[in-house]
$ cat entry_20.cif   # mmCIF, C-alpha atoms
data_start
loop_
_atom_site.label_atom_id
_atom_site.label_comp_id
_atom_site.auth_asym_id
_atom_site.auth_seq_id
_atom_site.Cartn_x
_atom_site.Cartn_y
_atom_site.Cartn_z
CA MET U 1084 39.52 20.53 -2.58
CA LEU U 1085 39.74 23.28 -5.21
CA ALA U 1086 38.85 26.77 -4.09
CA ALA U 1087 35.92 28.55 -5.67
CA ARG U 1088 35.26 32.25 -6.17
CA LYS U 1089 31.97 34.03 -6.82
CA THR U 1090 32.03 36.59 -9.62
CA GLY U 1091 28.94 38.48 -10.75
CA GLY U 1092 26.57 35.86 -9.37
CA ILE U 1093 28.39 32.90 -11.01
CA VAL U 1094 30.51 30.51 -8.96
CA LEU U 1095 33.79 29.80 -10.74
CA ASN U 1096 36.08 26.87 -10.03
CA ALA U 1097 39.74 27.72 -9.67
CA LYS U 1098 40.50 25.89 -12.94
CA ALA U 1099 38.03 28.04 -14.85
CA ILE U 1100 39.21 31.55 -13.89
CA SER U 1101 41.08 33.50 -16.52
CA GLU U 1102 44.30 33.71 -14.54
CA VAL U 1103 45.84 30.23 -14.59
CA GLU U 1104 48.96 28.82 -13.07
CA ARG U 1105 51.46 26.84 -15.01
CA VAL U 1106 54.52 25.06 -13.71
CA SER U 1107 57.79 25.63 -15.62
CA ALA U 1108 60.31 22.94 -16.38
CA ASP U 1109 62.52 24.02 -13.48
CA GLY U 1110 59.64 23.70 -11.04
CA SER U 1111 58.96 27.45 -10.64
CA LYS U 1112 55.46 28.83 -11.14
CA ARG U 1113 54.50 31.55 -13.56
CA LYS U 1114 51.17 33.09 -14.54
CA ARG U 1115 49.80 34.28 -17.82
CA GLN U 1116 46.55 35.91 -18.90
CA ARG U 1117 44.27 33.81 -21.12
CA GLY U 1118 43.59 35.57 -24.39
CA LYS U 1119 40.24 35.83 -26.13
CA GLY U 1120 41.15 33.07 -28.54
CA ASP U 1121 42.25 30.65 -25.88
CA HIS U 1122 40.12 27.62 -25.06
CA PRO U 1123 39.48 26.14 -21.62
CA ALA U 1124 42.04 23.63 -20.45
CA ALA U 1125 41.35 20.03 -21.37
CA GLY U 1126 38.93 18.41 -18.97
CA THR U 1127 37.35 21.69 -17.84
CA PRO U 1128 33.56 21.49 -18.24
CA ALA U 1129 31.87 24.12 -20.34
CA ARG U 1130 29.53 26.53 -18.59
CA GLY U 1131 26.05 25.06 -18.21
CA LYS U 1132 23.07 26.67 -19.88
CA THR U 1133 20.64 28.67 -17.77
CA VAL U 1134 16.86 28.56 -17.64
CA LYS U 1135 16.82 32.03 -19.19
CA GLU U 1136 18.82 30.79 -22.20
CA ILE U 1137 16.52 27.78 -22.58
CA ALA U 1138 13.49 30.08 -22.49
CA ALA U 1139 15.00 32.35 -25.15
CA ALA U 1140 15.85 29.41 -27.41
CA ALA U 1141 12.37 27.93 -27.01
CA ASN U 1142 10.69 31.34 -27.40
CA VAL U 1143 8.74 30.92 -24.14
CA SER U 1144 8.87 32.57 -20.74
CA VAL U 1145 11.23 31.52 -17.95
CA ALA U 1146 8.18 30.61 -15.87
CA THR U 1147 6.96 28.23 -18.58
CA VAL U 1148 10.34 26.49 -18.68
CA SER U 1149 10.30 26.12 -14.89
CA ARG U 1150 6.81 24.66 -14.95
CA ALA U 1151 7.70 22.24 -17.76
CA LEU U 1152 10.68 20.95 -15.77
CA GLN U 1153 9.17 20.94 -12.27
CA ARG U 1154 5.40 20.58 -12.81
CA PRO U 1155 5.07 19.01 -16.30
CA GLU U 1156 1.47 17.94 -15.68
CA ILE U 1157 0.28 21.57 -15.79
CA VAL U 1158 1.94 22.37 -19.14
CA SER U 1159 0.44 21.42 -22.49
CA GLU U 1160 1.98 18.40 -24.16
CA THR U 1161 3.07 20.37 -27.22
CA THR U 1162 4.85 23.02 -25.16
CA ARG U 1163 6.39 20.43 -22.85
CA GLN U 1164 7.82 18.41 -25.76
CA HIS U 1165 9.17 21.55 -27.44
CA ILE U 1166 10.95 22.67 -24.25
CA HIS U 1167 12.42 19.22 -23.63
CA GLU U 1168 13.75 19.14 -27.20
CA VAL U 1169 15.51 22.46 -26.60
CA VAL U 1170 16.82 21.25 -23.24
CA LYS U 1171 18.23 18.14 -24.88
CA ARG U 1172 19.75 20.06 -27.78
CA LEU U 1173 21.45 22.64 -25.56
CA GLY U 1174 22.48 20.17 -22.86
CA TYR U 1175 20.78 21.92 -19.97
CA THR U 1176 20.90 20.23 -16.55
CA PRO U 1177 18.63 21.63 -13.81
CA ASN U 1178 20.59 22.62 -10.70
CA ALA U 1179 18.33 21.23 -7.98
CA GLN U 1180 20.76 22.17 -5.24
CA ALA U 1181 20.85 25.82 -6.28
CA ARG U 1182 17.05 25.89 -6.58
CA ASN U 1183 16.68 24.48 -3.07
CA LEU U 1184 19.09 27.09 -1.69
CA ARG U 1185 17.02 29.87 -3.22
CA THR U 1186 13.74 28.55 -1.86
CA ALA U 1187 15.13 27.21 1.45
CA ARG U 1188 13.31 23.97 0.67
CA THR U 1189 14.55 20.44 0.28
CA ARG U 1190 11.28 19.38 -1.41
CA LEU U 1191 11.41 16.28 0.79
CA ILE U 1192 8.65 15.06 3.14
CA VAL U 1193 9.19 12.37 5.75
CA ALA U 1194 6.30 9.93 6.30
CA LEU U 1195 6.62 8.04 9.58
CA LEU U 1196 4.70 4.80 10.02
CA PRO U 1197 4.95 2.31 12.89
CA ASP U 1198 4.93 -0.90 10.83
CA ILE U 1199 5.61 -1.06 7.12
CA ALA U 1200 4.35 -4.66 7.01
CA ASN U 1201 0.84 -3.57 7.99
CA PRO U 1202 -1.12 -3.47 4.68
CA PHE U 1203 -3.38 -0.70 5.98
CA PHE U 1204 -0.60 1.83 5.51
CA SER U 1205 0.10 0.98 1.86
CA GLU U 1206 -2.95 2.89 0.59
CA VAL U 1207 -2.29 5.79 2.96
CA ILE U 1208 1.26 6.04 1.62
CA ARG U 1209 -0.03 5.91 -1.94
CA GLY U 1210 -2.21 8.94 -1.21
CA ILE U 1211 0.76 10.74 0.33
CA GLU U 1212 2.91 10.00 -2.70
CA GLN U 1213 0.24 11.17 -5.15
CA VAL U 1214 -0.14 14.65 -3.66
CA ALA U 1215 3.58 14.99 -2.98
CA HIS U 1216 4.41 14.17 -6.61
CA GLU U 1217 1.75 16.57 -7.90
CA SER U 1218 3.29 19.30 -5.74
CA GLY U 1219 6.92 18.68 -6.65
CA TYR U 1220 7.92 16.86 -3.45
CA SER U 1221 9.61 13.54 -2.78
CA VAL U 1222 8.68 11.25 0.11
CA LEU U 1223 11.04 9.45 2.47
CA LEU U 1224 9.37 6.55 4.31
CA GLY U 1225 10.49 5.95 7.86
CA GLU U 1226 9.45 2.77 9.68
CA THR U 1227 9.76 3.49 13.39
CA GLN U 1228 8.55 0.25 14.99
CA SER U 1229 7.13 2.62 17.62
CA SER U 1230 10.69 3.51 18.66
CA LEU U 1231 11.12 7.01 20.11
CA VAL U 1232 14.78 6.97 19.07
CA ARG U 1233 13.89 6.27 15.43
CA GLU U 1234 11.16 8.91 15.43
CA GLN U 1235 13.58 11.48 16.81
CA ALA U 1236 16.23 10.65 14.23
CA TYR U 1237 13.79 11.53 11.45
CA ALA U 1238 12.61 14.64 13.30
CA ASP U 1239 16.22 15.82 13.51
CA MET U 1240 16.33 15.82 9.71
CA VAL U 1241 13.81 18.66 9.70
CA ALA U 1242 15.80 20.62 12.28
CA ALA U 1243 18.93 20.11 10.14
CA ARG U 1244 17.06 21.27 7.00
CA GLN U 1245 17.45 17.87 5.38
CA ALA U 1246 13.66 17.58 5.08
CA ASP U 1247 10.83 20.13 5.05
CA GLY U 1248 8.21 18.41 7.18
CA ILE U 1249 6.78 15.23 8.63
CA ILE U 1250 3.57 13.24 8.32
CA THR U 1251 3.31 10.97 11.33
CA MET U 1252 0.98 7.98 11.47
CA SER U 1253 1.45 7.32 15.18
CA PRO U 1254 -0.16 9.13 18.13
CA ARG U 1255 3.09 10.90 19.04
CA VAL U 1256 4.65 14.08 17.67
CA PRO U 1257 8.46 13.96 17.75
CA ALA U 1258 10.27 16.97 19.18
CA ILE U 1259 11.71 19.29 16.54
CA PRO U 1260 14.01 21.99 17.99
CA ILE U 1261 12.93 24.85 15.75
CA GLN U 1262 11.13 28.10 16.43
CA GLY U 1263 7.53 28.66 15.47
CA ARG U 1264 4.95 26.25 14.14
CA LEU U 1265 6.08 22.64 13.79
CA PRO U 1266 5.92 21.38 10.17
CA VAL U 1267 4.06 18.23 11.23
CA VAL U 1268 0.69 16.72 10.29
CA ASN U 1269 -0.83 13.63 11.89
CA ALA U 1270 -2.71 11.05 9.84
CA CYS U 1271 -4.91 8.15 10.95
CA GLU U 1272 -4.26 8.61 14.68
CA TYR U 1273 -4.98 11.36 17.21
CA VAL U 1274 -2.56 13.73 18.89
CA LYS U 1275 -3.32 15.88 21.92
CA ASP U 1276 -1.44 18.95 20.69
CA SER U 1277 -4.06 21.40 19.39
CA GLN U 1278 -1.44 23.06 17.19
CA ILE U 1279 -0.94 19.91 15.12
CA SER U 1280 -3.27 19.39 12.17
CA SER U 1281 -4.76 15.90 11.93
CA VAL U 1282 -6.92 13.87 9.60
CA TYR U 1283 -8.70 10.72 10.79
CA VAL U 1284 -12.05 8.95 11.02
CA ASP U 1285 -14.50 8.95 13.92
CA ASN U 1286 -13.45 5.64 15.43
CA VAL U 1287 -16.08 5.69 18.16
CA ALA U 1288 -18.92 6.10 15.67
CA ALA U 1289 -17.43 3.57 13.23
CA ALA U 1290 -17.05 0.87 15.89
CA ASP U 1291 -20.55 1.65 17.15
CA THR U 1292 -21.89 1.08 13.63
CA ALA U 1293 -20.12 -2.27 13.31
CA VAL U 1294 -21.38 -3.63 16.62
CA ASP U 1295 -24.86 -2.22 16.10
CA TYR U 1296 -25.02 -4.15 12.81
CA LEU U 1297 -24.24 -7.37 14.69
CA VAL U 1298 -27.00 -6.53 17.20
CA THR U 1299 -29.50 -6.10 14.36
CA LEU U 1300 -28.57 -9.61 13.20
CA GLY U 1301 -29.68 -10.92 16.59
CA HIS U 1302 -26.26 -11.30 18.22
CA ARG U 1303 -26.01 -10.52 21.94
CA ASP U 1304 -22.88 -12.39 23.00
CA ILE U 1305 -20.45 -10.28 21.01
CA ALA U 1306 -16.74 -10.72 21.73
CA PHE U 1307 -14.24 -7.93 21.20
CA ILE U 1308 -10.57 -8.13 20.18
CA ALA U 1309 -9.01 -4.79 21.06
CA GLY U 1310 -5.85 -3.22 19.73
CA PRO U 1311 -2.93 -1.84 21.78
CA PRO U 1312 -4.34 0.26 24.66
CA SER U 1313 -1.60 2.85 24.13
CA SER U 1314 -3.27 3.85 20.85
CA PRO U 1315 -6.05 6.45 21.13
CA ILE U 1316 -7.86 4.97 18.12
CA CYS U 1317 -8.00 1.58 19.88
CA VAL U 1318 -9.44 3.20 22.98
CA ASP U 1319 -12.09 4.85 20.81
CA ARG U 1320 -12.98 1.62 19.03
CA GLU U 1321 -13.54 -0.02 22.40
CA LEU U 1322 -15.72 2.92 23.44
CA GLY U 1323 -17.77 2.44 20.27
CA TYR U 1324 -18.15 -1.27 21.05
CA GLN U 1325 -19.34 -0.52 24.57
CA ARG U 1326 -21.67 2.25 23.43
CA ALA U 1327 -23.46 -0.01 20.96
CA LEU U 1328 -23.88 -2.73 23.60
CA GLN U 1329 -25.20 -0.24 26.14
CA ARG U 1330 -27.75 1.16 23.71
CA ALA U 1331 -28.97 -2.39 23.03
CA GLY U 1332 -29.23 -3.13 26.75
CA ILE U 1333 -26.38 -5.66 26.65
CA ALA U 1334 -23.92 -5.72 29.53
CA ALA U 1335 -20.26 -5.78 28.47
CA ASP U 1336 -18.69 -9.04 29.66
CA PRO U 1337 -14.95 -8.86 30.47
CA ALA U 1338 -14.69 -12.57 29.64
CA LEU U 1339 -15.53 -11.71 26.03
CA ALA U 1340 -12.68 -9.22 25.63
CA ALA U 1341 -9.09 -9.84 24.52
CA VAL U 1342 -6.21 -7.56 23.49
CA GLY U 1343 -3.99 -7.91 20.43
CA ASP U 1344 -1.25 -6.03 18.60
CA PHE U 1345 -2.96 -5.67 15.18
CA SER U 1346 -1.25 -8.78 13.75
CA ILE U 1347 -2.87 -11.90 12.28
CA GLU U 1348 -1.19 -13.97 14.96
CA ALA U 1349 -2.73 -11.75 17.65
CA GLY U 1350 -6.18 -12.50 16.27
CA GLU U 1351 -5.48 -16.22 16.46
CA ARG U 1352 -4.21 -15.96 20.04
CA ALA U 1353 -7.22 -13.89 21.06
CA ILE U 1354 -9.68 -16.52 19.82
CA GLU U 1355 -7.74 -19.24 21.62
CA LEU U 1356 -8.01 -17.21 24.82
CA LEU U 1357 -11.71 -16.47 24.39
CA LEU U 1358 -12.56 -20.11 23.69
CA SER U 1359 -10.49 -21.28 26.67
CA ARG U 1360 -12.67 -19.24 29.01
CA GLY U 1361 -15.72 -21.25 28.06
CA GLN U 1362 -17.92 -18.20 27.62
CA PRO U 1363 -20.02 -18.70 24.45
CA PHE U 1364 -20.16 -15.98 21.79
CA SER U 1365 -21.88 -15.83 18.41
CA ALA U 1366 -19.99 -12.86 16.97
CA VAL U 1367 -16.66 -11.10 17.33
CA PHE U 1368 -15.70 -7.53 16.48
CA CYS U 1369 -11.99 -6.98 15.81
CA SER U 1370 -10.11 -3.67 15.98
CA ASN U 1371 -8.49 -4.28 12.62
CA ASP U 1372 -8.72 -6.59 9.63
CA GLU U 1373 -5.51 -8.52 10.23
CA MET U 1374 -6.71 -9.65 13.66
CA ALA U 1375 -10.10 -10.49 12.11
CA ILE U 1376 -8.39 -12.70 9.53
CA GLY U 1377 -6.45 -14.42 12.31
CA ALA U 1378 -9.69 -14.86 14.26
CA MET U 1379 -11.38 -16.53 11.30
CA ARG U 1380 -8.46 -18.91 10.90
CA ALA U 1381 -8.50 -19.86 14.58
CA LEU U 1382 -12.27 -20.39 14.60
CA SER U 1383 -11.96 -22.69 11.60
CA SER U 1384 -9.21 -24.71 13.30
CA HIS U 1385 -11.66 -25.36 16.14
CA GLY U 1386 -14.32 -26.61 13.75
CA LEU U 1387 -16.41 -23.43 13.92
CA CYS U 1388 -17.82 -22.07 10.67
CA VAL U 1389 -17.88 -18.38 9.75
CA PRO U 1390 -20.55 -17.02 9.67
CA GLU U 1391 -22.83 -19.98 10.46
CA ASP U 1392 -21.39 -20.44 13.96
CA VAL U 1393 -19.62 -17.13 14.57
CA SER U 1394 -19.91 -13.85 12.65
CA VAL U 1395 -16.74 -11.78 12.31
CA VAL U 1396 -16.35 -8.04 11.64
CA GLY U 1397 -13.04 -6.24 11.07
CA PHE U 1398 -11.89 -2.64 10.75
CA ASP U 1399 -9.92 -0.89 7.94
CA ASP U 1400 -10.98 -2.76 4.77
CA ILE U 1401 -7.47 -3.70 3.70
CA ARG U 1402 -7.12 -5.15 0.20
CA PHE U 1403 -7.05 -8.75 1.47
CA ALA U 1404 -10.41 -8.39 3.26
CA ARG U 1405 -12.38 -9.09 0.10
CA TYR U 1406 -10.30 -12.18 -0.71
CA THR U 1407 -10.73 -14.11 2.54
CA TRP U 1408 -13.16 -17.02 2.62
CA PRO U 1409 -15.75 -15.92 3.38
CA ALA U 1410 -15.04 -12.33 2.44
CA LEU U 1411 -14.69 -10.11 5.50
CA THR U 1412 -17.37 -7.68 6.67
CA THR U 1413 -15.49 -4.60 7.86
CA ILE U 1414 -15.38 -0.86 8.44
CA ALA U 1415 -13.81 0.77 5.38
CA GLN U 1416 -11.45 3.62 6.16
CA PRO U 1417 -10.76 6.08 3.30
CA LYS U 1418 -7.07 5.20 3.33
CA ASN U 1419 -6.00 6.96 0.15
CA ALA U 1420 -7.94 10.08 1.14
CA LEU U 1421 -6.28 10.09 4.57
CA GLY U 1422 -2.86 10.21 2.90
CA ARG U 1423 -3.84 12.81 0.34
CA GLU U 1424 -5.45 15.11 2.88
CA ALA U 1425 -2.52 14.85 5.29
CA THR U 1426 -0.06 15.81 2.55
CA THR U 1427 -2.25 18.68 1.36
CA MET U 1428 -2.38 20.00 4.93
CA LEU U 1429 1.41 19.78 5.30
CA ILE U 1430 2.15 21.54 2.02
CA GLU U 1431 -0.32 24.29 2.92
CA LEU U 1432 1.55 24.73 6.19
CA LEU U 1433 4.94 24.78 4.48
CA ASN U 1434 3.69 27.48 2.12
CA ASP U 1435 2.13 29.58 4.88
CA VAL U 1436 2.88 29.00 8.57
CA ALA U 1437 -0.07 31.25 9.43
CA VAL U 1438 -2.54 28.61 8.20
CA PRO U 1439 -4.51 27.65 11.32
CA PRO U 1440 -4.29 24.04 12.54
CA ARG U 1441 -7.35 21.95 11.78
CA LYS U 1442 -8.78 18.56 12.56
CA ARG U 1443 -10.46 16.87 9.60
CA VAL U 1444 -12.74 13.89 10.16
CA LEU U 1445 -13.42 11.67 7.15
CA SER U 1446 -16.29 9.22 6.87
CA ALA U 1447 -15.87 5.48 7.42
CA ASP U 1448 -18.45 3.05 6.07
CA LEU U 1449 -19.58 -0.45 6.96
CA VAL U 1450 -18.96 -2.88 4.10
CA VAL U 1451 -21.10 -6.02 4.48
CA ARG U 1452 -19.64 -9.22 3.04
CA GLY U 1453 -19.93 -12.92 3.73
CA SER U 1454 -18.39 -13.16 7.23
CA THR U 1455 -21.58 -12.03 8.99
CA ALA U 1456 -25.03 -13.58 9.21
CA PRO U 1457 -28.02 -13.73 11.62
CA ARG U 1458 -27.29 -15.52 14.89
CA SER U 1459 -27.55 -19.27 14.59
CA LEU U 1460 -30.24 -20.66 16.94
CA LYS U 1461 -28.18 -23.78 17.56
CA ARG U 1462 -25.60 -21.68 19.47
CA GLY U 1463 -28.22 -20.17 21.74
#

$ encode --input "entry_20.cif" --output "structure tokens"
Amino acid sequence: MLAARKTGGIVLNAKAISEVERVSADGSKRKRQRGKGDHPAAGTPARGKTVKEIAAAANVSVATVSRALQRPEIVSETTRQHIHEVVKRLGYTPNAQARNLRTARTRLIVALLPDIANPFFSEVIRGIEQVAHESGYSVLLGETQSSLVREQAYADMVAARQADGIITMSPRVPAIPIQGRLPVVNACEYVKDSQISSVYVDNVAAADTAVDYLVTLGHRDIAFIAGPPSSPICVDRELGYQRALQRAGIAADPALAAVGDFSIEAGERAIELLLSRGQPFSAVFCSNDEMAIGAMRALSSHGLCVPEDVSVVGFDDIRFARYTWPALTTIAQPKNALGREATTMLIELLNDVAVPPRKRVLSADLVVRGSTAPRSLKRG
């Protein structure tokens, strides 16, 4: 590798310094001083233009050039086009590596999600990307499959200064061996650490609303398909289910409960289990939309009509919920807003570690569609 030497703030490659070596015909080396009229050796790149030179040529400030190149959306179109014409004419190439060294930032955020196939996360990620792009950051998606080893591998990127911070969409916070406040924000789930900022919905209240709606339709035998018990949000959704039943004077029946893993297949298996127990039910509340879609499919395969025989309610309002037949009644989470708020929180923290941690609760709304109806008298 060629040696480099720093002179007056400019890093010079060994080929570009004025004192050059030449090899004589007999193999000995001699040196000569390059004169003013000499040209760089063939193949040696010319010195790149600087932001200051671009600003002078465009007759604007250095700050305006920087904004046009890094945050073009905040610069007028006329100014932006003028600067880019000058950049193209002078052959300027932004040195991202040097800029990152000056700011001690990589401008990279890691977004950790447990399952990239789960459509719920697509809108959350879109919100993350929107704010990151607006703020001059890139996003690296990391699918962990709930693996501690994978989570730690991404966390180590922050410790190694290969990334600035992490948005985690699981209930765990990976260990980052750095001093001071951890550059981590949690989205969608809960974390116990009071020093970690989080953004989520009130899952207890949302589940309560969903089940209470079924009660108002006359349903009393309401089955429940829970999510993984290791997830705090699933525990809360079960609490909301139980709270609504208790308020209505309905005893929770263990025979009407099943556990799934958030997949469509889990919803199908849960219905098979519930039907095999022989305990009748006229409605089912599912901890997410994918399991609700699976439940509807399984009910149909047993000759049961939704909602005439069994009403079904989901949770999340994924894009496919409105395209099922019948369309799925569900709790709509503000998925895009969850991603945007989490990224805003993280960037605020990266800009000022003294920003206090906060927990932000967003609203979740019941969206009534065709999968729910008043209890059918023929089912008792």

$ residues_around --input "entry_20.cif" --residues "Thr1413 (chain U)" --least-positions-apart "2" --cutoff "6 Å" --atoms "all atoms listed in the file" --output "PyMOL selection string"
chain U and resi 1396-1398+1400+1449-1450

$ residues_around --input "entry_20.cif" --residues "region 1382-1391 of chain U" --least-positions-apart "2" --cutoff "6 Å" --atoms "all atoms listed in the file" --output "ChimeraX atom specification"
/U:1379-1380,1393-1394,1454-1456

$ resolve_selection --input "entry_20.cif" --expression "the PyMOL selection byres ((chain U and resi 1202) around 10)" --output "PyMOL selection string"
chain U and resi 1198-1201+1203-1207+1372-1373+1399-1403

$ atom_distance --input "entry_20.cif" --atom1 "CA of Leu1445 (chain U)" --atom2 "CA of Val1284 (chain U)"
4.9 Å

$ closest_residue --input "entry_20.cif" --among "U:Leu1432, U:Ile1308, U:Ala1236, U:Ala1140" --to "Glu1351 (chain U)" --atoms "all atoms listed in the file"
U:Ile1308

$ resolve_selection --input "entry_20.cif" --expression "the PyMOL selection byres ((chain U and resi 1162-1172) around 8)" --output "ChimeraX atom specification"
/U:1137,1140-1141,1148,1151,1155,1158-1161,1173-1176

$ residues_around --input "entry_20.cif" --residues "Ala1381 (chain U)" --least-positions-apart "5" --cutoff "8 Å" --atoms "all atoms listed in the file" --output "PyMOL selection string"
chain U and resi 1350-1352+1354-1355

$ write_last_selection --input "entry_20.cif" --atoms "C-alpha atoms" --output "PDB file, in the frame of the given file"
ATOM      1  CA  GLY U1350      -6.180 -12.500  16.270  1.00  0.00           C
ATOM      2  CA  GLU U1351      -5.480 -16.220  16.460  1.00  0.00           C
ATOM      3  CA  ARG U1352      -4.210 -15.960  20.040  1.00  0.00           C
ATOM      4  CA  ILE U1354      -9.680 -16.520  19.820  1.00  0.00           C
ATOM      5  CA  GLU U1355      -7.740 -19.240  21.620  1.00  0.00           C
TER       6      GLU U1355
END

$ atom_distance --input "entry_20.cif" --atom1 "CA of Asp1319 (chain U)" --atom2 "CA of Glu1272 (chain U)"
10.6 Å

$ resolve_selection --input "entry_20.cif" --expression "the PyMOL selection byres ((chain U and resi 1425) around 10)" --output "list in words"
Val1207, Gly1210, Ile1211, Val1214, Ile1249, Ile1250, Thr1251, Met1252, Val1267, Val1268, Asn1269, Ala1270, Cys1271, Ser1280, Ser1281, Val1282, Tyr1283, Ala1420, Leu1421, Gly1422, Arg1423, Glu1424, Thr1426, Thr1427, Met1428, Leu1429, Ile1430, Glu1431 and Arg1443 of chain U

$ residues_around --input "entry_20.cif" --residues "region 1324-1327 of chain U" --least-positions-apart "6" --cutoff "7 Å" --atoms "only C-alpha atoms" --output "PDB file with C-alpha atoms, keeping the file's coordinate frame"
ATOM      1  CA  ALA U1290     -17.050   0.870  15.890  1.00  0.00           C
ATOM      2  CA  ASP U1291     -20.550   1.650  17.150  1.00  0.00           C
ATOM      3  CA  VAL U1294     -21.380  -3.630  16.620  1.00  0.00           C
ATOM      4  CA  ASP U1295     -24.860  -2.220  16.100  1.00  0.00           C
ATOM      5  CA  ALA U1335     -20.260  -5.780  28.470  1.00  0.00           C
TER       6      ALA U1335
END

$ atom_distance --input "entry_20.cif" --atom1 "CA of Val1438 (chain U)" --atom2 "CA of Ser1218 (chain U)"
17.7 Å

$ closest_residue --input "entry_20.cif" --among "U:Arg1458, U:Arg1441, U:Arg1188, U:Arg1255" --to "Tyr1296 (chain U)" --atoms "all atoms listed in the file"
U:Arg1458

$ closest_residue --input "entry_20.cif" --among "U:Glu1348, U:Pro1337, U:Gly1225, U:Ala1366" --to "Thr1299 (chain U)" --atoms "all atoms listed in the file"
U:Ala1366

$ closest_residue --input "entry_20.cif" --among "U:Ile1376, U:Leu1191, U:Ala1238, U:Leu1231" --to "Tyr1406 (chain U)" --atoms "all atoms listed in the file"
U:Ile1376

$ residues_around --input "entry_20.cif" --residues "Leu1224 (chain U)" --least-positions-apart "4" --cutoff "9 Å" --atoms "all atoms listed in the file" --output "count of residues only"
7

$ closest_residue --input "entry_20.cif" --among "U:Val1274, U:Ala1331, U:Ala1139, U:Ile1279" --to "Gly1301 (chain U)" --atoms "only C-alpha atoms"
U:Ala1331

$ closest_residue --input "entry_20.cif" --among "U:Ser1346, U:Cys1369, U:Leu1356, U:Ser1253" --to "Ser1314 (chain U)" --atoms "all atoms listed in the file"
U:Ser1253
